[in-house]
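Visitor: Dropping in my_file05.txt, with compact mmCIF, C-alpha atoms.
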```txt
# COMPACT_ATOMS: atom_id res chain seq x y z
CA MET A 1 0.00 0.00 0.00
CA PRO A 2 1.61 3.32 -1.04
CA VAL A 3 2.30 5.80 1.73
CA TRP A 4 -0.12 8.24 0.10
CA ASP A 5 -3.06 6.04 1.05
CA ASP A 6 -2.86 7.58 4.53
CA LEU A 7 -3.87 10.94 3.04
CA VAL A 8 -7.65 11.30 2.92
CA GLY A 9 -9.30 13.59 0.40
CA GLN A 10 -6.09 15.45 -0.52
CA GLU A 11 -5.59 14.47 -4.16
CA ARG A 12 -4.04 17.78 -5.23
CA VAL A 13 -1.53 17.84 -2.37
CA GLN A 14 -0.72 14.17 -2.95
CA ALA A 15 0.09 14.85 -6.61
CA GLN A 16 2.43 17.73 -5.67
CA LEU A 17 4.26 15.71 -3.03
CA ALA A 18 4.58 12.66 -5.29
CA ALA A 19 6.13 14.83 -8.01
CA ALA A 20 8.57 16.33 -5.51
CA ALA A 21 9.49 12.85 -4.23
CA ARG A 22 10.25 11.72 -7.79
CA ASP A 23 12.55 14.69 -8.37
CA ALA A 24 14.24 14.15 -5.00
CA ASP A 25 14.79 10.50 -5.88
CA ALA A 26 16.31 11.49 -9.23
CA LEU A 27 18.69 13.89 -7.49
CA VAL A 28 19.94 11.30 -4.98
CA THR A 29 20.28 8.64 -7.67
CA ALA A 30 22.29 10.96 -9.93
CA GLU A 31 24.65 11.86 -7.09
CA ALA A 32 25.15 8.20 -6.19
CA GLN A 33 26.00 7.36 -9.79
CA GLY A 34 28.24 10.40 -10.23
CA ALA A 35 25.97 11.74 -12.98
CA ALA A 36 24.97 15.33 -13.56
CA PRO A 37 22.12 16.35 -11.22
CA PRO A 38 18.73 17.23 -12.70
CA ASP A 39 17.98 20.85 -13.56
CA ALA A 40 17.25 22.49 -10.21
CA ALA A 41 15.13 25.19 -11.86
CA LYS A 42 12.67 22.54 -13.09
CA SER A 43 12.68 20.44 -9.93
CA LYS A 44 9.52 20.15 -7.83
CA MET A 45 11.69 19.43 -4.79
CA THR A 46 12.79 22.08 -2.30
CA HIS A 47 14.42 22.16 1.13
CA ALA A 48 11.56 23.61 3.21
CA TRP A 49 7.82 22.97 3.14
CA LEU A 50 4.92 24.45 5.09
CA PHE A 51 1.72 22.39 5.43
CA THR A 52 -1.36 24.35 6.49
CA GLY A 53 -5.02 23.47 6.75
CA PRO A 54 -7.92 23.24 9.19
CA PRO A 55 -7.79 20.90 12.21
CA GLY A 56 -8.26 17.30 11.14
CA ALA A 57 -7.18 17.89 7.55
CA GLY A 58 -4.11 15.70 8.02
CA ARG A 59 -1.22 18.18 7.97
CA ASP A 60 0.98 15.94 10.12
CA THR A 61 0.02 12.87 8.10
CA ALA A 62 0.94 14.57 4.84
CA ALA A 63 4.35 15.54 6.24
CA ARG A 64 5.07 12.01 7.50
CA CYS A 65 3.97 10.46 4.21
CA PHE A 66 6.29 12.80 2.32
CA ALA A 67 9.14 11.98 4.70
CA ALA A 68 8.56 8.27 4.05
CA ALA A 69 8.55 8.80 0.27
CA LEU A 70 11.86 10.68 0.51
CA GLN A 71 13.40 7.72 2.36
CA CYS A 72 11.97 5.05 0.04
CA VAL A 73 14.55 2.41 -0.95
CA SER A 74 12.28 0.08 -2.89
CA PRO A 75 14.13 -1.67 -5.74
CA ASP A 76 11.04 -1.06 -7.88
CA ARG A 77 12.16 2.54 -8.32
CA ALA A 78 14.84 1.36 -10.75
CA LEU A 79 12.05 -0.15 -12.87
CA GLY A 80 10.01 3.02 -12.93
CA GLY A 81 8.18 2.54 -9.63
CA GLU A 82 7.08 5.59 -7.64
CA PRO A 83 8.90 6.54 -4.40
CA GLY A 84 6.73 5.82 -1.39
CA CYS A 85 5.95 2.14 -1.85
CA GLY A 86 4.95 1.76 1.80
CA PHE A 87 6.61 -1.66 2.16
CA CYS A 88 10.37 -1.09 2.09
CA ASP A 89 12.45 -0.51 5.20
CA GLY A 90 12.78 3.23 4.51
CA CYS A 91 9.03 3.77 4.16
CA HIS A 92 8.08 1.52 7.06
CA THR A 93 10.49 2.94 9.63
CA ALA A 94 9.71 6.53 8.61
CA LEU A 95 5.97 5.96 9.07
CA ILE A 96 6.25 4.26 12.48
CA GLY A 97 8.78 6.80 13.78
CA THR A 98 11.96 4.73 14.07
CA HIS A 99 13.92 5.94 11.04
CA ALA A 100 17.30 7.34 12.08
CA ASP A 101 17.07 10.25 9.63
CA VAL A 102 13.47 11.31 10.26
CA GLU A 103 12.97 13.46 13.34
CA VAL A 104 9.33 14.16 14.24
CA ILE A 105 8.83 16.99 16.74
CA ARG A 106 5.51 17.38 18.52
CA THR A 107 4.81 18.99 21.86
CA ASP A 108 2.37 18.40 24.70
CA LEU A 109 3.17 21.88 26.02
CA LEU A 110 1.75 25.31 25.24
CA SER A 111 4.83 26.40 23.30
CA ILE A 112 8.19 25.35 21.85
CA GLY A 113 11.04 27.39 23.32
CA VAL A 114 14.50 28.49 22.26
CA LYS A 115 16.32 25.63 24.03
CA GLU A 116 14.39 22.89 22.22
CA THR A 117 14.72 24.69 18.89
CA ARG A 118 18.48 25.04 19.20
CA GLU A 119 18.78 21.30 19.79
CA LEU A 120 16.65 20.71 16.70
CA VAL A 121 18.80 23.02 14.58
CA ARG A 122 21.93 21.17 15.71
CA ARG A 123 20.31 17.90 14.67
CA ALA A 124 19.48 19.35 11.25
CA GLN A 125 23.13 20.11 10.55
CA LEU A 126 24.03 16.41 10.52
CA SER A 127 24.36 14.43 7.33
CA PRO A 128 21.95 11.51 6.83
CA ALA A 129 23.11 8.59 8.93
CA GLY A 130 21.90 5.93 6.55
CA GLY A 131 18.91 7.28 4.70
CA ARG A 132 18.67 9.43 1.64
CA TRP A 133 17.66 12.67 3.35
CA GLN A 134 17.76 14.21 6.80
CA VAL A 135 14.09 15.08 7.38
CA ILE A 136 12.83 17.27 10.23
CA VAL A 137 9.06 17.22 10.75
CA LEU A 138 7.87 20.02 13.07
CA GLU A 139 4.23 19.25 13.71
CA ASP A 140 3.50 22.28 15.90
CA ALA A 141 5.28 25.10 14.10
CA ASP A 142 2.53 27.46 15.28
CA ARG A 143 3.66 26.90 18.89
CA LEU A 144 7.15 28.29 18.33
CA THR A 145 7.85 31.31 20.51
CA GLU A 146 9.17 34.39 18.73
CA GLY A 147 12.68 33.66 19.96
CA ALA A 148 12.44 30.03 18.84
CA GLY A 149 11.23 31.16 15.43
CA ASN A 150 14.24 33.40 15.03
CA VAL A 151 16.53 30.50 15.94
CA LEU A 152 14.83 28.32 13.35
CA LEU A 153 14.96 30.97 10.62
CA LYS A 154 18.66 30.62 9.79
CA ALA A 155 18.44 26.83 9.56
CA VAL A 156 15.45 27.00 7.21
CA GLU A 157 17.06 29.75 5.15
CA GLU A 158 20.38 27.95 4.70
CA PRO A 159 19.85 24.23 5.39
CA ALA A 160 22.59 21.66 5.34
CA PRO A 161 22.85 19.57 2.16
CA ARG A 162 20.25 16.80 2.01
CA THR A 163 18.25 18.34 4.87
CA VAL A 164 14.51 18.90 4.43
CA TRP A 165 12.27 20.85 6.81
CA LEU A 166 8.56 19.96 6.95
CA LEU A 167 6.62 22.48 9.06
CA CYS A 168 2.94 22.13 9.98
CA ALA A 169 0.60 24.88 11.17
CA PRO A 170 -3.13 25.70 10.98
CA SER A 171 -2.59 28.77 8.77
CA LEU A 172 0.11 30.97 7.24
CA GLU A 173 -0.55 33.64 9.87
CA ASP A 174 0.52 31.22 12.61
CA VAL A 175 4.11 31.18 11.29
CA LEU A 176 6.62 34.02 11.25
CA PRO A 177 6.59 35.83 7.86
CA THR A 178 10.35 35.40 7.54
CA ILE A 179 9.99 31.60 7.88
CA ARG A 180 6.96 31.10 5.68
CA SER A 181 8.52 33.18 2.89
CA ARG A 182 11.30 30.59 2.68
CA CYS A 183 9.00 27.56 2.49
CA ARG A 184 6.94 26.03 -0.28
CA HIS A 185 3.35 26.28 0.88
CA LEU A 186 0.78 23.47 0.60
CA THR A 187 -2.82 23.98 1.76
CA LEU A 188 -4.85 20.96 2.79
CA ARG A 189 -8.65 20.98 2.74
CA THR A 190 -11.14 19.46 5.14
CA PRO A 191 -11.63 15.86 3.96
CA PRO A 192 -15.09 14.92 2.65
CA VAL A 193 -17.30 13.25 5.22
CA ASP A 194 -17.79 10.17 3.02
CA ALA A 195 -14.03 9.72 2.64
CA VAL A 196 -13.50 9.88 6.42
CA ALA A 197 -16.26 7.34 7.02
CA ASP A 198 -14.72 5.02 4.46
CA VAL A 199 -11.33 5.20 6.22
CA LEU A 200 -12.92 4.36 9.59
CA VAL A 201 -14.56 1.30 8.07
CA ARG A 202 -11.51 0.05 6.15
CA ARG A 203 -8.72 0.74 8.63
CA ASP A 204 -10.39 0.76 12.04
CA GLY A 205 -13.07 -1.86 11.54
CA VAL A 206 -15.87 0.51 12.57
CA ASP A 207 -19.33 -0.49 11.40
CA PRO A 208 -20.58 1.72 8.53
CA GLU A 209 -23.42 3.35 10.47
CA THR A 210 -21.22 4.38 13.39
CA ALA A 211 -18.48 5.54 11.03
CA ALA A 212 -20.90 7.69 9.03
CA ALA A 213 -22.33 9.24 12.21
CA ALA A 214 -18.86 10.01 13.63
CA ALA A 215 -17.59 11.50 10.36
CA ARG A 216 -20.71 13.63 10.03
CA ALA A 217 -20.59 14.81 13.64
CA THR A 218 -16.95 15.90 13.37
CA GLN A 219 -17.37 17.39 9.89
CA GLY A 220 -14.41 15.60 8.36
CA HIS A 221 -11.93 15.81 11.27
CA ILE A 222 -10.21 12.43 10.90
CA ASP A 223 -8.69 12.03 14.37
CA ARG A 224 -11.79 13.24 16.19
CA ALA A 225 -14.00 10.99 14.07
CA ARG A 226 -11.85 7.97 14.92
CA ARG A 227 -11.94 8.79 18.61
CA LEU A 228 -15.69 9.38 18.57
CA ALA A 229 -16.30 6.11 16.74
CA THR A 230 -14.10 3.99 19.01
CA ASP A 231 -14.24 5.66 22.46
CA GLU A 232 -17.44 5.44 24.50
CA GLY A 233 -16.13 8.10 26.87
CA ALA A 234 -15.65 10.58 24.03
CA ARG A 235 -19.24 10.03 22.91
CA ALA A 236 -20.50 10.62 26.44
CA ARG A 237 -18.53 13.87 26.79
CA ARG A 238 -19.82 15.13 23.44
CA ALA A 239 -23.39 14.30 24.41
CA ALA A 240 -22.98 16.31 27.62
CA VAL A 241 -21.61 19.32 25.72
CA LEU A 242 -24.51 19.27 23.24
CA LYS A 243 -26.99 19.50 26.14
CA LEU A 244 -25.48 22.81 27.28
CA PRO A 245 -27.58 25.07 24.96
CA LEU A 246 -30.73 23.79 26.70
CA ARG A 247 -29.34 24.45 30.18
CA VAL A 248 -28.52 28.16 29.95
CA GLN A 249 -32.05 29.38 30.68
CA ASP A 250 -31.09 31.27 33.87
CA VAL A 251 -27.98 32.66 35.54
CA GLY A 252 -27.62 29.68 37.87
CA GLY A 253 -27.79 27.27 34.95
CA CYS A 254 -25.15 29.25 33.07
CA LEU A 255 -22.70 29.20 35.96
CA LYS A 256 -23.30 25.53 36.70
CA ALA A 257 -22.85 24.55 33.04
CA ALA A 258 -19.61 26.53 32.85
CA GLN A 259 -18.22 24.86 35.98
CA GLU A 260 -19.11 21.40 34.68
CA LEU A 261 -17.39 22.13 31.38
CA ILE A 262 -14.23 23.18 33.22
CA ASP A 263 -14.41 20.16 35.52
CA ALA A 264 -14.73 17.79 32.55
CA ALA A 265 -11.68 19.34 30.88
CA GLY A 266 -9.77 19.07 34.15
CA GLU A 267 -10.73 15.41 34.43
CA ASP A 268 -9.29 14.77 30.96
CA ALA A 269 -6.03 16.41 32.01
CA LYS A 270 -5.98 14.38 35.23
CA GLN A 271 -6.47 11.11 33.34
CA LEU A 272 -3.56 11.90 31.03
CA ALA A 273 -1.41 12.83 34.02
CA GLU A 274 -2.19 9.54 35.74
CA GLU A 275 -1.15 7.66 32.62
CA THR A 276 2.10 9.48 31.92
CA ASP A 277 3.34 11.55 34.87
CA VAL A 278 3.97 8.66 37.26
CA LYS A 279 5.80 6.67 34.60
CA GLU A 280 7.95 9.67 33.61
CA THR A 281 8.80 10.44 37.22
CA GLU A 282 9.80 6.87 38.04
CA GLU A 283 11.91 6.58 34.88
CA LEU A 284 13.76 9.81 35.71
CA LYS A 285 14.35 8.73 39.30
CA THR A 286 15.80 5.45 38.08
CA ALA A 287 18.01 7.26 35.56
CA LEU A 288 19.28 9.59 38.29
CA GLY A 289 20.10 6.67 40.58
CA ALA A 290 17.42 7.00 43.22
CA ALA A 291 18.18 4.87 46.27
CA GLN A 292 15.91 2.16 47.65
CA GLY A 293 12.88 3.85 49.17
CA GLY A 294 12.87 6.70 46.65
CA ARG A 295 15.56 8.90 48.20
CA MET A 296 17.17 11.04 45.50
CA PRO A 297 20.91 11.68 45.18
CA ARG A 298 22.12 15.15 46.08
CA GLY A 299 22.06 17.74 43.33
CA THR A 300 19.10 16.27 41.44
CA ALA A 301 16.36 18.49 42.86
CA GLY A 302 16.62 20.91 39.94
CA VAL A 303 16.08 18.16 37.38
CA MET A 304 13.03 16.87 39.22
CA LYS A 305 11.63 20.40 39.49
CA GLU A 306 12.08 20.85 35.73
CA LEU A 307 10.10 17.66 35.08
CA GLU A 308 7.31 18.79 37.44
CA ASP A 309 7.08 22.14 35.64
CA LYS A 310 6.88 20.36 32.28
CA GLN A 311 4.11 18.09 33.53
CA LYS A 312 2.18 21.07 34.88
CA ARG A 313 2.40 22.85 31.51
CA ARG A 314 1.25 19.67 29.77
CA ARG A 315 -1.79 19.41 32.04
CA THR A 316 -2.63 23.02 31.22
CA ARG A 317 -2.46 22.34 27.50
CA THR A 318 -4.53 19.17 27.84
CA GLN A 319 -7.24 21.12 29.65
CA ARG A 320 -7.16 23.85 26.99
CA ASP A 321 -7.34 21.26 24.19
CA SER A 322 -10.28 19.52 25.84
CA LEU A 323 -12.09 22.83 26.23
CA ASP A 324 -11.37 23.73 22.63
CA LEU A 325 -12.86 20.44 21.50
CA ALA A 326 -16.02 21.14 23.49
CA LEU A 327 -16.25 24.63 22.01
CA SER A 328 -15.88 23.17 18.51
CA ASP A 329 -18.84 20.88 19.23
CA LEU A 330 -20.86 23.88 20.44
CA THR A 331 -20.02 25.83 17.30
CA GLY A 332 -21.21 22.89 15.20
CA PHE A 333 -24.46 22.75 17.20
CA TYR A 334 -25.29 26.39 16.54
CA ARG A 335 -24.23 26.04 12.93
CA ASP A 336 -26.88 23.34 12.56
CA VAL A 337 -29.43 25.59 14.28
CA LEU A 338 -28.65 28.35 11.81
CA ALA A 339 -29.00 25.93 8.88
CA LEU A 340 -32.49 24.96 10.10
CA GLN A 341 -33.52 28.58 10.64
CA LEU A 342 -32.41 29.62 7.16
CA GLY A 343 -33.85 26.54 5.49
CA THR A 344 -30.59 25.72 3.71
CA ARG A 345 -29.75 22.37 2.17
CA ALA A 346 -26.60 22.02 4.26
CA ALA A 347 -26.28 18.61 5.88
CA ILE A 348 -26.98 18.54 9.61
CA ALA A 349 -23.92 17.36 11.52
CA ASN A 350 -25.62 16.59 14.82
CA GLU A 351 -28.54 14.42 13.71
CA ASP A 352 -28.52 12.60 17.05
CA VAL A 353 -29.78 15.77 18.81
CA HIS A 354 -32.20 16.91 16.11
CA ASP A 355 -34.97 17.55 18.65
CA ALA A 356 -32.76 19.99 20.57
CA LEU A 357 -31.77 21.69 17.33
CA ASP A 358 -35.42 22.12 16.34
CA ARG A 359 -36.32 23.53 19.75
CA ILE A 360 -33.52 26.12 19.74
CA ALA A 361 -34.26 27.02 16.11
CA ARG A 362 -37.96 27.63 16.86
CA ASP A 363 -37.32 29.68 20.00
CA SER A 364 -34.67 32.02 18.54
CA THR A 365 -33.78 34.00 15.44
CA PRO A 366 -30.88 33.65 12.98
CA GLU A 367 -29.44 36.88 14.35
CA SER A 368 -29.33 35.52 17.90
CA THR A 369 -27.78 32.27 16.64
CA LEU A 370 -25.01 34.22 14.93
CA ARG A 371 -24.38 36.13 18.17
CA ARG A 372 -24.12 32.84 20.02
CA ILE A 373 -21.61 31.50 17.51
CA GLU A 374 -19.61 34.71 17.97
CA ALA A 375 -19.73 34.18 21.76
CA VAL A 376 -18.22 30.70 21.38
CA LEU A 377 -15.50 32.03 19.08
CA ALA A 378 -14.79 34.87 21.54
CA CYS A 379 -14.33 32.29 24.30
CA ARG A 380 -11.78 30.41 22.19
CA GLU A 381 -9.90 33.64 21.54
CA ALA A 382 -9.95 34.49 25.25
CA LEU A 383 -8.46 31.09 26.10
CA ASP A 384 -5.72 31.71 23.51
CA ARG A 385 -4.90 34.95 25.36
CA ASN A 386 -4.56 32.98 28.63
CA VAL A 387 -7.74 34.33 30.23
CA ALA A 388 -8.72 32.23 33.24
CA PRO A 389 -10.71 29.32 31.73
CA LEU A 390 -13.63 29.52 34.17
CA LEU A 391 -14.09 33.26 33.60
CA ALA A 392 -13.97 32.81 29.82
CA VAL A 393 -16.50 29.97 29.83
CA GLU A 394 -18.83 31.76 32.26
CA ALA A 395 -18.84 34.83 30.02
CA MET A 396 -19.69 32.58 27.07
CA THR A 397 -22.58 30.80 28.78
CA MET A 398 -24.07 34.13 29.86
CA ALA A 399 -23.81 35.35 26.27
CA LEU A 400 -25.49 32.14 25.05
CA ARG A 401 -28.37 32.83 27.44
CA ALA A 402 -28.75 36.42 26.22
CA GLY A 403 -28.71 35.37 22.56
```
How does the structure come out when it is put into structure tokens?

Guide:
Amino acid sequence: MPVWDDLVGQERVQAQLAAAARDADALVTAEAQGAAPPDAAKSKMTHAWLFTGPPGAGRDTAARCFAAALQCVSPDRALGGEPGCGFCDGCHTALIGTHADVEVIRTDLLSIGVKETRELVRRAQLSPAGGRWQVIVLEDADRLTEGAGNVLLKAVEEPAPRTVWLLCAPSLEDVLPTIRSRCRHLTLRTPPVDAVADVLVRRDGVDPETAAAAARATQGHIDRARRLATDEGARARRAAVLKLPLRVQDVGGCLKAAQELIDAAGEDAKQLAEETDVKETEELKTALGAAQGGRMPRGTAGVMKELEDKQKRRRTRTQRDSLDLALSDLTGFYRDVLALQLGTRAAIANEDVHDALDRIARDSTPESTLRRIEAVLACREALDRNVAPLLAVEAMTMALRAG
């Protein structure tokens, strides 16, 4: 199965990346044979790429597929086969994350700082250890601090030979202008709902009805659709969020709904912490030579404090991400309400709560629905500006009540 099969509904982007992989393969082959390299002016390959697109479009997947195609060592290439076979050692190890020359950077924190970026830039200066290219995939380029972006700029501007940067961000505006001007830009679209449902059936074994419902509810967001289709807890949390518009009839209901939303997000963060924090802490203690009974050697308090700070920042991001997911579901709810009020032919995403949609649509106007959508978006913006989550959500629920 070619690596491109992991891309869903991105035919145009796939064609561009496949062409670039062919030109990259021709360049490496010519160098290995001591032949003249292909005309660089006509090559579809370049040293830095920027993948943008809405959440769930598959930016990270596209970058990893391209990285695998660049490392493809299938003997079929000599017979005219396309790079990115999906079966060879280069493709397989790049896709599962064990290839020595493919570095995938993702963060559980709110930002990527200067220290981490400098280490990444040092890595990028190395020649490929065994593969054909040194590939750096930065999945959260939008989380670079300004200082980290400036550190990255020089490396992207003047990369080492055979080094390729693959940056991923939601939009061009999320990346420093100086960086994005030095990258080839690829925009991914939201995958069609039918294509997402088909993937859930073929790859995850989800029954067609559940797959179609999950794909429709998430409006083409692949990862969220998979989680919704396979995780009972995720379905329960979504159902609770979609009841919120019916609970904001008075001030007390608004405040209670806001607190429950915050508590649910905090519970998600707590569950992640229970799964990872204890394991990380024990592994670090062992590495530092903790004595029997857990007593730490002298001089290690700073390292342990650094780990605790990292875990605290990760819990904060997990809570923010969980809240953002809930707000996305709310936006989709009111979008459906607006579609019913305007009598459009747009497909209803939340068919499972059609009665609630009808009730809200009958009892309000399109103008009030638009104001409610704006209130949800304002809450997301407030959270991005580090407003206290409870205050931001309380302000939103009061605005939803006012309409």

Visitor: In Å to one decimal, how far is atom CA of A:Thr107 from atom CA of A:Ala18?

Guide: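 Value for the atom CA of A:Ala18-atom CA of A:Thr107 distance: 27.9 Å.
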
Visitor: Please, what distance in Å, to one decimal, runs between atom CA of A:Ser127 and atom CA of A:Leu144?

Guide: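 Computing it gives 24.7 Å between the two atoms.
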
Visitor: Select, from A:Glu308, A:Asp25, A:Asp140, A:Glu82, the residue with the minimum atom-to-atom distance to A:Asp60, counting only C-alpha atoms.

Guide: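 Closest to A:Asp60 of all the choices is A:Asp140.
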
Visitor: Give me, please, the distance in Å between atom CA of A:Phe66 and atom CA of A:Thr98, quoted to one decimal.

Guide: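 About the pair atom CA of A:Phe66 and atom CA of A:Thr98: they are 15.3 Å apart.
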
Visitor: Show me, as a VMD selection string, the residues that have an atom within 10 Å of A:Ala67 when counting only C-alpha atoms, minus same-chain residues fewer than 6 positions from it.

Guide: chain A and resid 3 17 21 61 84 90 to 91 94 to 95 99 101 to 104 133 to 137 164 to 166

Visitor: Got a sec to check which residues sit within 6 Å of (-26.7, 34.0, 31.7), counting only C-alpha atoms, and write them as number ranges by chain?

Guide: A: 250-251, 254, 397-398, 401

Visitor: Please return, as a list of chain:residue names, all polymer residues that have at least one atom within 12 Å of the point (-23.8, 37.4, 15.0); use all atoms listed in the file and the file's own coordinate frame.

Guide: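 Residues lying no farther than 12 Å from the given point: A:Tyr334, A:Arg335, A:Leu338, A:Thr365, A:Pro366, A:Glu367, A:Ser368, A:Thr369, A:Leu370, A:Arg371, A:Arg372, A:Ile373, A:Glu374, A:Ala375, A:Val376, A:Leu377, A:Ala378, A:Ala399, A:Leu400, A:Gly403.
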
Visitor: Mind checking which residues fall within 10 Å of A:Glu157, counting all atoms listed in the file, ignoring those fewer than 2 positions away in the same chain, and posting them as a PDB file with C-alpha atoms, in the frame of the given file?

Guide:
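This went into around-v4.pdb:
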```pdb
ATOM      1  CA  HIS A  47      14.420  22.160   1.130  1.00  0.00           C
ATOM      2  CA  ALA A  48      11.560  23.610   3.210  1.00  0.00           C
ATOM      3  CA  LEU A 152      14.830  28.320  13.350  1.00  0.00           C
ATOM      4  CA  LEU A 153      14.960  30.970  10.620  1.00  0.00           C
ATOM      5  CA  LYS A 154      18.660  30.620   9.790  1.00  0.00           C
ATOM      6  CA  ALA A 155      18.440  26.830   9.560  1.00  0.00           C
ATOM      7  CA  PRO A 159      19.850  24.230   5.390  1.00  0.00           C
ATOM      8  CA  ALA A 160      22.590  21.660   5.340  1.00  0.00           C
ATOM      9  CA  THR A 178      10.350  35.400   7.540  1.00  0.00           C
ATOM     10  CA  ILE A 179       9.990  31.600   7.880  1.00  0.00           C
ATOM     11  CA  SER A 181       8.520  33.180   2.890  1.00  0.00           C
ATOM     12  CA  ARG A 182      11.300  30.590   2.680  1.00  0.00           C
ATOM     13  CA  CYS A 183       9.000  27.560   2.490  1.00  0.00           C
TER      14      CYS A 183
END
```

Visitor: Which residue is closest to A:Ala124? Choose from A:Ala195, A:Val156, A:Ala213, A:Leu323 and count only C-alpha atoms.

Guide: A:Val156

Visitor: Give me the residues near A:Arg189 as a PyMOL selection string, where near means some atom within 7 Å (using all atoms listed in the file) and where sequence neighbours in that chain fewer than 3 positions away do not count.

Guide: chain A and resi 10+53-54+57

Visitor: Restricting it to C-alpha atoms, dump the selection as a JSON list (two decimals), in the coordinates of the input.

Guide:
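And here is the file that came out, result_11.json:
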```json
[["chain", "number", "residue", "atom", "x", "y", "z"],
["A", 10, "GLN", "CA", -6.09, 15.45, -0.52],
["A", 53, "GLY", "CA", -5.02, 23.47, 6.75],
["A", 54, "PRO", "CA", -7.92, 23.24, 9.19],
["A", 57, "ALA", "CA", -7.18, 17.89, 7.55]]
```

Visitor: Just want the 9 Å neighbourhood of stretch 341-347 of chain A, counted on only C-alpha atoms, with same-chain residues fewer than 3 positions away dropped. Output as a list in words.

Guide: Arg216, Asp336, Val337, Leu338, Asp358, Ala361, Arg362, Ser364, Thr365 and Pro366 of chain A

Visitor: Closest to A:Arg247 among A:Ala169, A:Ala356, A:Val206, A:Val303, using all atoms listed in the file?

Guide: A:Ala356

Visitor: Point out the residue among A:Gly80, A:Asp5, A:Arg237, A:Ala19 with the least atom-to-atom distance to A:Cys65, counting all atoms listed in the file.

Guide: A:Asp5

Visitor: I need the residue nearest A:Ile112 from this list: A:Lys42, A:Arg224, A:Lys310, A:Leu246. Use all atoms listed in the file for the distance.

Guide: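 Counting all atoms listed in the file, the residue closest to A:Ile112 is A:Lys310.
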
Visitor: Taking only residues of stretch 227-249 of chain A that have an atom at most 12 Å from an atom of stretch 261-278 of chain A, what is each one's shortest atom pair and its distance in Å to one decimal, using only C-alpha atoms, in chain and number order, as a tab-separated table?

Guide:
```
residue	atom	partner	partner_atom	distance
A:Gly233	CA	A:Asp268	CA	10.4
A:Ala234	CA	A:Asp268	CA	10.3
A:Ala236	CA	A:Ala264	CA	11.0
A:Arg237	CA	A:Ala264	CA	7.9
A:Arg238	CA	A:Ala264	CA	10.8
A:Ala240	CA	A:Leu261	CA	8.9
A:Val241	CA	A:Leu261	CA	7.6
A:Leu242	CA	A:Leu261	CA	11.2
A:Lys243	CA	A:Leu261	CA	11.2
A:Leu244	CA	A:Leu261	CA	9.1
```

Visitor: Applying 10 Å and all atoms listed in the file, which residues near A:Pro191 remain after dropping the ones on its own chain fewer than 4 positions away? List them as a list in words.

Guide: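 Near A:Pro191, the qualifying residues are Leu7, Val8, Gly9, Gln10, Pro54, Gly56, Ala57, Gly58, Ala195, Val196, Ala215, Gln219, Gly220, His221 and Ile222 of chain A.
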